[in-house]
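Data block below; observations after.
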Amino acid sequence: MHNKMKRFLFTIAALYISFWVSASSLQGRQEVGLLRYAGPFPVKNPVMVDEKDVSAKQFDESNLLDIPIKYSLLENGQQLSTLNSQLSTFVLPGYDKSEALHLIGFNIENKLYTGVTIEVKGIRKYQLFVDGKKQMSGYVRLEPTAHQVVIKYLSIPEKTDTATINVEADIENSISICDFSAHHKYNFMDVITAKTYTGVALSPNGKYIRISYRTTANDGKTKTHTIIRETATGRQIADLGYAVYWMPTSNQYYYTEDTPAGTRFICVDPATGLETTLAEGVPKGNYHISPTEDYLIIYKESEGPKEDEGVYQVLEPEDRQPGWRNRTNLLKYDIKTGMLQPLTHGHHNINLGGISNDGKLLLYGTERSRLTERPTTVGSLYLLNMETMETKCVYENDGFASRAILSPDGSMIAIYGSPEAFGGIGKNVPEGRTPSMTDMQLFLIDVNRSDMSTSNLRCVTKDFNPSVSRASWNEYDGMLYFSAEDRDSVNLFQLNPKTGRIKEIACSEEVINSFGCASTTGLITYYGVSASNSNRLHLLNTKNMKSTLFHDLSSENLKDATLGECRAWTFKNSRGETISGRYYLPADFDPSRQYPMIVNYYGGCSPTSRNFESRYPHHAYASLGYVVLVINPSGATGFGQEFSSRHVNTAGEGVAQDIIDGTKQFCKEHAFVNAKKIGCIGASYGGFMTQYLQTVTDIFAAAISHAGISDHTSYWGEGYWGYSYSEVSMANSYPWTDKHLYVDQSPLFNADKIHTPILFLHGDADTNVPVGESIQMFTALKLLGRETAMVLVKGQNHHILDFQKRIKWQNTIFAWFAKYLQDDPTWWNDIYSEKDL
């Protein structure tokens, strides 16, 4: 090589070296013809104070390789012409002034779990890293995703290394070599490291917006911060490492500081950054600032009576829950005088439903248990005059009503409740049918009328199919805005409280996660996701109902990821009813091929929504070479009261048939599905459904039940919410009154009918569905000699939240399906090696 060319190489900060990739005739072997380079990074030998270190080791020049360098430097390389005419042989840059470290890298993307051998020839001194981990040999097992391969090498002046790099996979045609920063198929790490919004709110005049984020690194460490921006320009005003909130009316944001004397409230003018103290020495607790900004409402929690930690009494089923005996009351803290006035006193929990704009009216609710009839918890709602301390009862001891919110002018109350609330005025199901308690309706009551009885109540959503999620009064236009489960989406709606008219708002996302209104201008902010994009933040002008994109996290989260298609699909079940679903295709989908398929369905009562980063991220499953079919069978909310009522007193009957019908029909209509390689998965009620399905059909080749109910009788009594959830699913039916529902419909009592390989997953600290539900079913199948496995996650509850445990939990799912749907047990055997006991 000419010296002129050499000098050019040594002075460049980052080089991009590329060749065509050529596959050899060896099985699964490829010669790497695509490299990215960064360097040189000059290094020097240390001063030899002693010949040996404390471990009696002499210094060797190779020790310089242990000096760390950021691998991200490789992402900013520059293209350079071919350095050598020999195919896939690289002449590596050196440095003529001293020893130097250099980085070269490429990506391996594999569509199957496989082992690969990375063979490096020609480099005298180097270290090999895969996904940031130093490799002691060239052989490594790789999960199906894109992997970064980095070679850090040491150069010596006036000596040039050449490099030939081969990658050989255990499975033929399972890998491809690509650029270090190239796109990759969407994978599970993309899901759990996605940047997310944790809160968004407009200032009262809509001039500013507060956006809070959470970022997660590849090691699971999280970081939160808050940005204040101008809504008109997007200009950043502040970047804060702590939580801030808007004052109710004065367009300042505030934060709190804990001091020995109490809590200090500091207000900040976003235009100038000027800080002022609103209050200090405030008793610690949770706070709500009044709309008049002259007093605070403090939630005071008092500890309930203690028990002996060793031998203790349980007063009622809910008493098993930590903190259940604690009770909350409300206090008023006057900012000017520091006076602390108790507003409520008693042993029932108190919750705040809002304060009128003039600060005079306060809405609060109480609740108490009533175990001898359904529902077992009842609540009452009261309106308090803050000046006279007089209260009016809005309703008393209704177990089907839940939250309530007071309108800003104090004239109306919006109440969330199930169709059976207030004597069933919201019911819209066939005669003799019990509606679902989770199908949320909205009720309105006029506070200004002298008649405060429930005869003044009206259900404004009785004939409205979507199930209400969250509502908010808008002071600016007097409307009530709410989000609602609408089939498999969550949409935004406007309700005119005077006419009862509901209008859907055309939003730019399929699943609205959060929304908020500015109080003095016609501006609403909302953020959400769709089936094929991550979080995006929008501004909605209520005057013309047009949305504009304000901030796009999705483009950041998915900039290097490739997704397959998501398509809607409906079918007619065996009863002639239309059932909706959707399906996801692999990113490299080929309609001439046949693919294994995974079927997913709802848990709890809510539909399996078009949420992007879900518990079972459908695009990540599709990237592994599966078609993913989502079915929303009978019983899900969001499709109308009649549809959701099919969940009640059926214990899987009808629901399971919809899944079976849909799976068969989909295979019939789509030749690209291998009907002999279908798996199914669900959690909680969906976990029960997984088990139950295997007792009534043999169409599945593999099944996974996470936190599933195997015996309705044991779950009813043992889970924290077992008996209360049964108020929803088994309304007015009990183990001693309905053997068919509780016994005949329990998978455990039909275990001998199961022949599908089934995996049980469970957090061993699950308080919702106790781990015994999986243990007893696993035991039954073991005794029957059936193919089964059980994996428990230590210290995790109903959801697997720990970062590293969640990765292994998800890989366990992937590996089980690979074993039975792709006929490859390698991944499973690597995670759970066979043990001879």
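We label chains A, B, ... in the order they appear in the structure tokens, count residues from 1 in each chain, and number ligands from 1 in the order shown.
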
What parts of stretch 394-435 of chain A does DSSP call strand (DSSP E)? I'd like the answer as a list of chain:residue names.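 Strand (DSSP E) assignments inside stretch 394-435 of chain A correspond to A:Val394, A:Tyr395, A:Glu396, A:Asn397, A:Asp398, A:Ala401, A:Ser402, A:Arg403, A:Ala404, A:Ile405, A:Leu406, A:Met412, A:Ile413, A:Ala414, A:Ile415, A:Tyr416, A:Gly417.
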
Please produce a file of the residues just selected, as a tab-separated table (two decimals), in the first residue's frame, where the atoms kept are all heavy atoms.
```tsv
chain	number	residue	atom	x	y	z
A	394	VAL	N	-75.52	12.24	47.19
A	394	VAL	CA	-75.84	12.04	45.77
A	394	VAL	C	-76.44	10.65	45.57
A	394	VAL	O	-77.47	10.48	44.94
A	394	VAL	CB	-74.59	12.23	44.90
A	394	VAL	CG1	-74.93	12.05	43.42
A	394	VAL	CG2	-73.98	13.61	45.13
A	395	TYR	N	-75.78	9.64	46.10
A	395	TYR	CA	-76.35	8.29	46.15
A	395	TYR	C	-75.73	7.57	47.33
A	395	TYR	O	-74.68	7.96	47.84
A	395	TYR	CB	-76.13	7.52	44.84
A	395	TYR	CG	-74.70	7.21	44.50
A	395	TYR	CD1	-74.02	6.13	45.09
A	395	TYR	CD2	-74.01	7.95	43.55
A	395	TYR	CE1	-72.71	5.83	44.77
A	395	TYR	CE2	-72.70	7.66	43.22
A	395	TYR	CZ	-72.05	6.60	43.83
A	395	TYR	OH	-70.75	6.30	43.51
A	396	GLU	N	-76.36	6.49	47.75
A	396	GLU	CA	-75.92	5.78	48.94
A	396	GLU	C	-75.94	4.28	48.70
A	396	GLU	O	-76.91	3.74	48.14
A	396	GLU	CB	-76.80	6.14	50.14
A	396	GLU	CG	-76.23	5.69	51.48
A	396	GLU	CD	-76.98	6.31	52.65
A	396	GLU	OE1	-78.16	6.70	52.43
A	396	GLU	OE2	-76.41	6.44	53.74
A	397	ASN	N	-74.84	3.63	49.06
A	397	ASN	CA	-74.73	2.17	49.06
A	397	ASN	C	-75.08	1.53	47.72
A	397	ASN	O	-75.90	0.61	47.63
A	397	ASN	CB	-75.60	1.56	50.16
A	397	ASN	CG	-75.14	1.97	51.55
A	397	ASN	OD1	-73.96	2.23	51.76
A	397	ASN	ND2	-76.08	2.03	52.49
A	398	ASP	N	-74.46	2.04	46.67
A	398	ASP	CA	-74.59	1.41	45.36
A	398	ASP	C	-73.27	0.73	45.03
A	398	ASP	O	-72.23	1.37	44.98
A	398	ASP	CB	-74.94	2.45	44.29
A	398	ASP	CG	-75.39	1.79	42.98
A	398	ASP	OD1	-74.63	0.98	42.43
A	398	ASP	OD2	-76.51	2.09	42.54
A	401	ALA	N	-71.74	1.46	41.07
A	401	ALA	CA	-71.15	2.75	40.69
A	401	ALA	C	-69.75	2.81	41.25
A	401	ALA	O	-69.46	2.26	42.32
A	401	ALA	CB	-72.00	3.90	41.24
A	402	SER	N	-68.84	3.50	40.55
A	402	SER	CA	-67.47	3.56	41.03
A	402	SER	C	-67.03	5.01	41.17
A	402	SER	O	-67.41	5.70	42.12
A	402	SER	CB	-66.53	2.77	40.11
A	402	SER	OG	-66.66	3.19	38.76
A	403	ARG	N	-66.28	5.52	40.21
A	403	ARG	CA	-65.74	6.89	40.33
A	403	ARG	C	-66.77	7.94	39.93
A	403	ARG	O	-67.75	7.65	39.25
A	403	ARG	CB	-64.50	7.02	39.44
A	403	ARG	CG	-63.33	6.16	39.86
A	403	ARG	CD	-62.29	6.11	38.75
A	403	ARG	NE	-62.76	5.34	37.61
A	403	ARG	CZ	-62.21	5.36	36.41
A	403	ARG	NH1	-61.17	6.13	36.18
A	403	ARG	NH2	-62.70	4.63	35.43
A	404	ALA	N	-66.51	9.18	40.35
A	404	ALA	CA	-67.36	10.31	39.99
A	404	ALA	C	-66.50	11.55	39.85
A	404	ALA	O	-65.49	11.70	40.54
A	404	ALA	CB	-68.45	10.52	41.03
A	405	ILE	N	-66.88	12.45	38.94
A	405	ILE	CA	-66.13	13.70	38.75
A	405	ILE	C	-67.12	14.87	38.67
A	405	ILE	O	-68.16	14.79	38.02
A	405	ILE	CB	-65.23	13.66	37.50
A	405	ILE	CG1	-66.02	13.20	36.26
A	405	ILE	CG2	-64.04	12.76	37.73
A	405	ILE	CD1	-65.21	13.28	34.97
A	406	LEU	N	-66.79	15.95	39.35
A	406	LEU	CA	-67.61	17.15	39.42
A	406	LEU	C	-67.25	18.09	38.28
A	406	LEU	O	-66.06	18.30	37.99
A	406	LEU	CB	-67.38	17.83	40.77
A	406	LEU	CG	-68.18	19.10	41.08
A	406	LEU	CD1	-69.67	18.78	41.20
A	406	LEU	CD2	-67.65	19.75	42.36
A	412	MET	N	-72.87	19.80	37.58
A	412	MET	CA	-73.19	18.43	37.19
A	412	MET	C	-72.12	17.46	37.70
A	412	MET	O	-70.97	17.86	37.94
A	412	MET	CB	-73.30	18.30	35.67
A	412	MET	CG	-74.37	19.14	35.03
A	412	MET	SD	-74.72	18.64	33.33
A	412	MET	CE	-75.73	17.21	33.61
A	413	ILE	N	-72.54	16.22	37.85
A	413	ILE	CA	-71.61	15.16	38.25
A	413	ILE	C	-71.70	14.05	37.21
A	413	ILE	O	-72.80	13.64	36.81
A	413	ILE	CB	-71.96	14.58	39.63
A	413	ILE	CG1	-71.91	15.68	40.70
A	413	ILE	CG2	-71.00	13.45	40.00
A	413	ILE	CD1	-72.46	15.23	42.05
A	414	ALA	N	-70.55	13.60	36.74
A	414	ALA	CA	-70.48	12.44	35.86
A	414	ALA	C	-70.01	11.25	36.69
A	414	ALA	O	-69.05	11.35	37.45
A	414	ALA	CB	-69.50	12.69	34.71
A	415	ILE	N	-70.72	10.15	36.58
A	415	ILE	CA	-70.45	8.97	37.40
A	415	ILE	C	-70.17	7.78	36.49
A	415	ILE	O	-70.91	7.51	35.55
A	415	ILE	CB	-71.65	8.65	38.32
A	415	ILE	CG1	-71.97	9.85	39.21
A	415	ILE	CG2	-71.36	7.42	39.18
A	415	ILE	CD1	-73.29	9.74	39.94
A	416	TYR	N	-69.07	7.08	36.77
A	416	TYR	CA	-68.78	5.82	36.09
A	416	TYR	C	-69.53	4.70	36.83
A	416	TYR	O	-69.57	4.67	38.05
A	416	TYR	CB	-67.30	5.47	36.17
A	416	TYR	CG	-66.31	6.46	35.62
A	416	TYR	CD1	-66.00	7.62	36.31
A	416	TYR	CD2	-65.62	6.20	34.44
A	416	TYR	CE1	-65.05	8.51	35.83
A	416	TYR	CE2	-64.67	7.08	33.95
A	416	TYR	CZ	-64.39	8.23	34.66
A	416	TYR	OH	-63.44	9.10	34.19
A	417	GLY	N	-70.06	3.78	36.06
A	417	GLY	CA	-70.71	2.64	36.70
A	417	GLY	C	-71.03	1.56	35.70
A	417	GLY	O	-71.02	1.79	34.48
```

Per-residue nearest contacts stretch 733-757 of chain A to stretch 630-654 of chain A, cut-off 12 Å, using only C-alpha atoms, as CSV:
```
residue,atom,partner,partner_atom,distance
A:Ser733,CA,A:Asn649,CA,7.5
A:Tyr734,CA,A:Asn649,CA,10.3
A:Asp738,CA,A:Asn649,CA,9.7
A:Lys739,CA,A:Ala651,CA,11.5
A:His740,CA,A:Ala651,CA,9.2
A:Leu741,CA,A:Ala651,CA,6.0
A:Tyr742,CA,A:Ala651,CA,7.9
A:Val743,CA,A:Ala651,CA,10.0
A:Asp744,CA,A:Ala651,CA,9.5
A:Gln745,CA,A:Ala651,CA,6.1
A:Ser746,CA,A:Ala651,CA,8.0
A:Pro747,CA,A:Gly652,CA,10.3
```

Export, as an mmCIF file, in the first residue's frame, the selected residues with N, CA, C and O atoms.
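To be explicit, this is the file written out as again-v9.cif:
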```
data_model
loop_
_atom_site.group_PDB
_atom_site.id
_atom_site.type_symbol
_atom_site.label_atom_id
_atom_site.label_comp_id
_atom_site.auth_asym_id
_atom_site.auth_seq_id
_atom_site.Cartn_x
_atom_site.Cartn_y
_atom_site.Cartn_z
ATOM 1 N N SER A 733 -73.596 -16.683 41.196
ATOM 2 C CA SER A 733 -73.353 -18.131 41.219
ATOM 3 C C SER A 733 -72.167 -18.398 42.125
ATOM 4 O O SER A 733 -71.180 -17.656 42.112
ATOM 5 N N TYR A 734 -72.242 -19.469 42.903
ATOM 6 C CA TYR A 734 -71.210 -19.777 43.895
ATOM 7 C C TYR A 734 -70.845 -21.260 43.805
ATOM 8 O O TYR A 734 -71.598 -22.058 43.227
ATOM 9 N N ASP A 738 -73.613 -23.842 41.960
ATOM 10 C CA ASP A 738 -73.526 -24.140 40.533
ATOM 11 C C ASP A 738 -72.309 -25.004 40.247
ATOM 12 O O ASP A 738 -71.234 -24.519 39.900
ATOM 13 N N LYS A 739 -72.490 -26.314 40.371
ATOM 14 C CA LYS A 739 -71.407 -27.260 40.129
ATOM 15 C C LYS A 739 -70.946 -27.218 38.671
ATOM 16 O O LYS A 739 -69.751 -27.369 38.390
ATOM 17 N N HIS A 740 -71.868 -26.977 37.750
ATOM 18 C CA HIS A 740 -71.484 -26.970 36.338
ATOM 19 C C HIS A 740 -70.436 -25.899 36.057
ATOM 20 O O HIS A 740 -69.411 -26.176 35.430
ATOM 21 N N LEU A 741 -70.686 -24.674 36.523
ATOM 22 C CA LEU A 741 -69.741 -23.582 36.264
ATOM 23 C C LEU A 741 -68.423 -23.793 36.987
ATOM 24 O O LEU A 741 -67.348 -23.622 36.408
ATOM 25 N N TYR A 742 -68.489 -24.138 38.250
ATOM 26 C CA TYR A 742 -67.281 -24.151 39.075
ATOM 27 C C TYR A 742 -66.478 -25.436 38.953
ATOM 28 O O TYR A 742 -65.257 -25.420 39.116
ATOM 29 N N VAL A 743 -67.122 -26.541 38.678
ATOM 30 C CA VAL A 743 -66.414 -27.821 38.612
ATOM 31 C C VAL A 743 -66.324 -28.320 37.164
ATOM 32 O O VAL A 743 -65.230 -28.520 36.626
ATOM 33 N N ASP A 744 -67.467 -28.509 36.527
ATOM 34 C CA ASP A 744 -67.469 -29.093 35.184
ATOM 35 C C ASP A 744 -66.687 -28.241 34.188
ATOM 36 O O ASP A 744 -66.090 -28.770 33.246
ATOM 37 N N GLN A 745 -66.682 -26.915 34.388
ATOM 38 C CA GLN A 745 -65.989 -26.016 33.466
ATOM 39 C C GLN A 745 -64.550 -25.719 33.893
ATOM 40 O O GLN A 745 -63.877 -24.922 33.256
ATOM 41 N N SER A 746 -64.079 -26.340 34.950
ATOM 42 C CA SER A 746 -62.701 -26.144 35.396
ATOM 43 C C SER A 746 -61.785 -27.119 34.668
ATOM 44 O O SER A 746 -62.038 -28.332 34.663
ATOM 45 N N PRO A 747 -60.706 -26.641 34.074
ATOM 46 C CA PRO A 747 -59.785 -27.537 33.364
ATOM 47 C C PRO A 747 -59.253 -28.665 34.235
ATOM 48 O O PRO A 747 -59.041 -29.782 33.736
#
```

All helix (DSSP H, G or I) residues (DSSP, backbone) inside stretch 145-368 of chain A, as a list in words: Phe188, Met189, Asp190, Val191, Ile192, Pro317, Glu318, Asp319 and Arg320 of chain A

Near stretch 212-214 of chain A, counting only C-alpha atoms, which residues have an atom at most 12 Å away, once you skip same-chain residues fewer than 6 positions from it, shown as a ChimeraX atom specification? /A:192-202,220-229,238-245,527,535,537,551,553

Could you write those residues out with N, CA and C atoms, as a short mmCIF file (atom, residue, chain, number, x, y, z; two decimals), in the first residue's frame?
```cif
data_model
loop_
_atom_site.label_atom_id
_atom_site.label_comp_id
_atom_site.auth_asym_id
_atom_site.auth_seq_id
_atom_site.Cartn_x
_atom_site.Cartn_y
_atom_site.Cartn_z
N ILE A 192 -39.04 -3.66 25.20
CA ILE A 192 -38.81 -3.31 26.61
C ILE A 192 -37.81 -2.17 26.80
N THR A 193 -37.18 -1.73 25.72
CA THR A 193 -36.30 -0.56 25.83
C THR A 193 -36.90 0.66 25.12
N ALA A 194 -38.16 0.55 24.70
CA ALA A 194 -38.80 1.66 24.01
C ALA A 194 -38.96 2.86 24.95
N LYS A 195 -38.69 4.02 24.45
CA LYS A 195 -38.91 5.25 25.21
C LYS A 195 -40.41 5.51 25.26
N THR A 196 -40.93 5.87 26.45
CA THR A 196 -42.36 6.03 26.60
C THR A 196 -42.70 7.35 27.28
N TYR A 197 -43.92 7.80 27.05
CA TYR A 197 -44.45 8.93 27.81
C TYR A 197 -44.98 8.41 29.14
N THR A 198 -44.70 9.14 30.20
CA THR A 198 -45.27 8.79 31.51
C THR A 198 -46.30 9.81 31.96
N GLY A 199 -46.43 10.90 31.23
CA GLY A 199 -47.43 11.89 31.54
C GLY A 199 -47.30 13.10 30.62
N VAL A 200 -48.43 13.62 30.22
CA VAL A 200 -48.46 14.81 29.36
C VAL A 200 -49.59 15.70 29.85
N ALA A 201 -49.35 17.00 29.95
CA ALA A 201 -50.40 17.93 30.40
C ALA A 201 -50.16 19.31 29.84
N LEU A 202 -51.26 19.99 29.47
CA LEU A 202 -51.22 21.35 29.00
C LEU A 202 -51.35 22.32 30.17
N GLY A 220 -31.59 -2.55 31.57
CA GLY A 220 -32.79 -2.44 32.37
C GLY A 220 -32.86 -1.19 33.25
N LYS A 221 -31.81 -0.40 33.31
CA LYS A 221 -31.83 0.80 34.13
C LYS A 221 -32.72 1.85 33.47
N THR A 222 -33.58 2.48 34.29
CA THR A 222 -34.52 3.45 33.76
C THR A 222 -34.17 4.86 34.23
N LYS A 223 -34.61 5.82 33.43
CA LYS A 223 -34.39 7.22 33.75
C LYS A 223 -35.63 7.99 33.35
N THR A 224 -36.08 8.91 34.21
CA THR A 224 -37.23 9.73 33.89
C THR A 224 -36.83 11.20 33.86
N HIS A 225 -37.44 11.95 33.01
CA HIS A 225 -37.22 13.39 32.99
C HIS A 225 -38.42 14.07 32.34
N THR A 226 -38.52 15.38 32.55
CA THR A 226 -39.67 16.15 32.09
C THR A 226 -39.20 17.32 31.25
N ILE A 227 -39.88 17.54 30.14
CA ILE A 227 -39.59 18.66 29.24
C ILE A 227 -40.79 19.61 29.24
N ILE A 228 -40.53 20.91 29.33
CA ILE A 228 -41.56 21.92 29.15
C ILE A 228 -41.33 22.57 27.79
N ARG A 229 -42.38 22.62 26.95
CA ARG A 229 -42.26 23.21 25.62
C ARG A 229 -43.39 24.22 25.37
N ALA A 238 -37.66 24.07 29.32
CA ALA A 238 -36.92 23.51 30.45
C ALA A 238 -36.79 22.01 30.28
N ASP A 239 -35.69 21.47 30.81
CA ASP A 239 -35.46 20.03 30.87
C ASP A 239 -35.18 19.70 32.32
N LEU A 240 -36.10 18.98 32.96
CA LEU A 240 -36.07 18.80 34.41
C LEU A 240 -35.94 17.33 34.76
N GLY A 241 -35.16 17.05 35.79
CA GLY A 241 -34.96 15.68 36.24
C GLY A 241 -35.87 15.29 37.38
N TYR A 242 -36.96 16.00 37.56
CA TYR A 242 -37.89 15.70 38.65
C TYR A 242 -39.32 15.98 38.17
N ALA A 243 -40.29 15.51 38.93
CA ALA A 243 -41.68 15.64 38.54
C ALA A 243 -42.18 17.07 38.78
N VAL A 244 -42.92 17.60 37.82
CA VAL A 244 -43.56 18.90 37.97
C VAL A 244 -45.01 18.80 37.52
N TYR A 245 -45.83 19.76 38.00
CA TYR A 245 -47.26 19.75 37.70
C TYR A 245 -47.72 21.19 37.45
N TYR A 527 -52.04 11.23 23.63
CA TYR A 527 -51.02 10.39 23.03
C TYR A 527 -51.48 8.95 23.04
N ASN A 535 -45.59 5.14 20.56
CA ASN A 535 -46.25 6.34 21.06
C ASN A 535 -46.00 7.58 20.22
N LEU A 537 -47.52 11.85 20.18
CA LEU A 537 -48.24 12.87 20.93
C LEU A 537 -48.87 13.86 19.96
N HIS A 551 -45.27 15.49 18.80
CA HIS A 551 -44.01 14.80 19.10
C HIS A 551 -44.15 13.33 18.74
N LEU A 553 -42.49 9.81 19.27
CA LEU A 553 -41.56 8.85 19.86
C LEU A 553 -41.42 7.62 18.99
#
```

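Atom CA of A:Thr376 lies 11.4 Å from atom CA of A:Glu316.
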
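Comparing the minimum interatomic distances between A:Leu563 and each of A:Pro586, A:Gly132, A:Gly679, A:Gly423, counting only C-alpha atoms, we find that A:Pro586 sits nearest.
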
Quick one: of A:Ser467, A:Asn829, A:Ser55, A:Asn107, who's nearest to A:Thr438, counting only C-alpha atoms? A:Ser467

Nearest to A:Ser250: which of A:Ile237, A:Cys267, A:Val191, A:Leu693 is it, counting only C-alpha atoms? A:Cys267

Just give me the gap between atom CA of A:Glu787 and atom CA of A:Ile678 in Å, one decimal is fine.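 Atom-to-atom, atom CA of A:Glu787 and atom CA of A:Ile678 are spaced 16.2 Å apart.
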
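Residues in contact with A:Leu363 at 8 Å, where only C-alpha atoms are counted and same-chain residues fewer than 4 positions away are skipped, are listed as Leu352, Gly353, Gly354, Ile355, Leu381, Tyr382, Leu383, Leu384, Ile405 and Leu406 of chain A.
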
Output N, CA and C atoms of each residue in that selection to a file, as a compact mmCIF listing (two decimals), in the first residue's frame.
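That gives us out.txt:
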```txt
# COMPACT_ATOMS: atom_id res chain seq x y z
N LEU A 352 -61.54 11.64 46.62
CA LEU A 352 -61.93 12.96 46.13
C LEU A 352 -62.43 12.87 44.70
N GLY A 353 -63.57 13.52 44.43
CA GLY A 353 -64.14 13.50 43.09
C GLY A 353 -64.08 14.84 42.37
N GLY A 354 -63.45 15.82 43.00
CA GLY A 354 -63.29 17.11 42.33
C GLY A 354 -63.74 18.27 43.20
N ILE A 355 -63.32 19.48 42.79
CA ILE A 355 -63.66 20.73 43.47
C ILE A 355 -64.18 21.71 42.42
N LEU A 381 -71.81 8.60 47.64
CA LEU A 381 -71.23 9.82 47.09
C LEU A 381 -71.88 11.04 47.73
N TYR A 382 -71.05 12.02 48.11
CA TYR A 382 -71.55 13.20 48.82
C TYR A 382 -70.97 14.47 48.22
N LEU A 383 -71.75 15.55 48.31
CA LEU A 383 -71.33 16.88 47.89
C LEU A 383 -71.21 17.76 49.13
N LEU A 384 -70.02 18.27 49.37
CA LEU A 384 -69.73 19.04 50.58
C LEU A 384 -69.64 20.53 50.25
N ILE A 405 -66.88 12.45 38.94
CA ILE A 405 -66.13 13.70 38.75
C ILE A 405 -67.12 14.87 38.67
N LEU A 406 -66.79 15.95 39.35
CA LEU A 406 -67.61 17.15 39.42
C LEU A 406 -67.25 18.09 38.28
```

Would you mind listing what lies within 8 Å of A:Ile598 as a ChimeraX atom specification, with only C-alpha atoms counted and same-chain residues fewer than 2 positions away left out? /A:596,600,626-629,678-681

A:Ile758 surroundings by only C-alpha atoms, 10 Å radius, close-in-sequence under 3 positions cut, as a ChimeraX atom specification: /A:679-681,690-691,694,700-705,754-755,761,778,781,786-790,816

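Straight-line separation from atom CA of A:Lys300 to atom CA of A:Leu340: 11.4 Å.
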
From the options A:Ala587, A:His619, A:Ser472, A:Lys70, which residue's atoms come nearest to A:Ala531, counting only C-alpha atoms?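 Using only C-alpha atoms, the shortest distance to A:Ala531 belongs to A:His619.
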
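Proximity ranking of A:Ile266, A:Ser176, A:Asn448, A:Ile118 relative to A:Met136 places A:Ile118 first, based on only C-alpha atoms.
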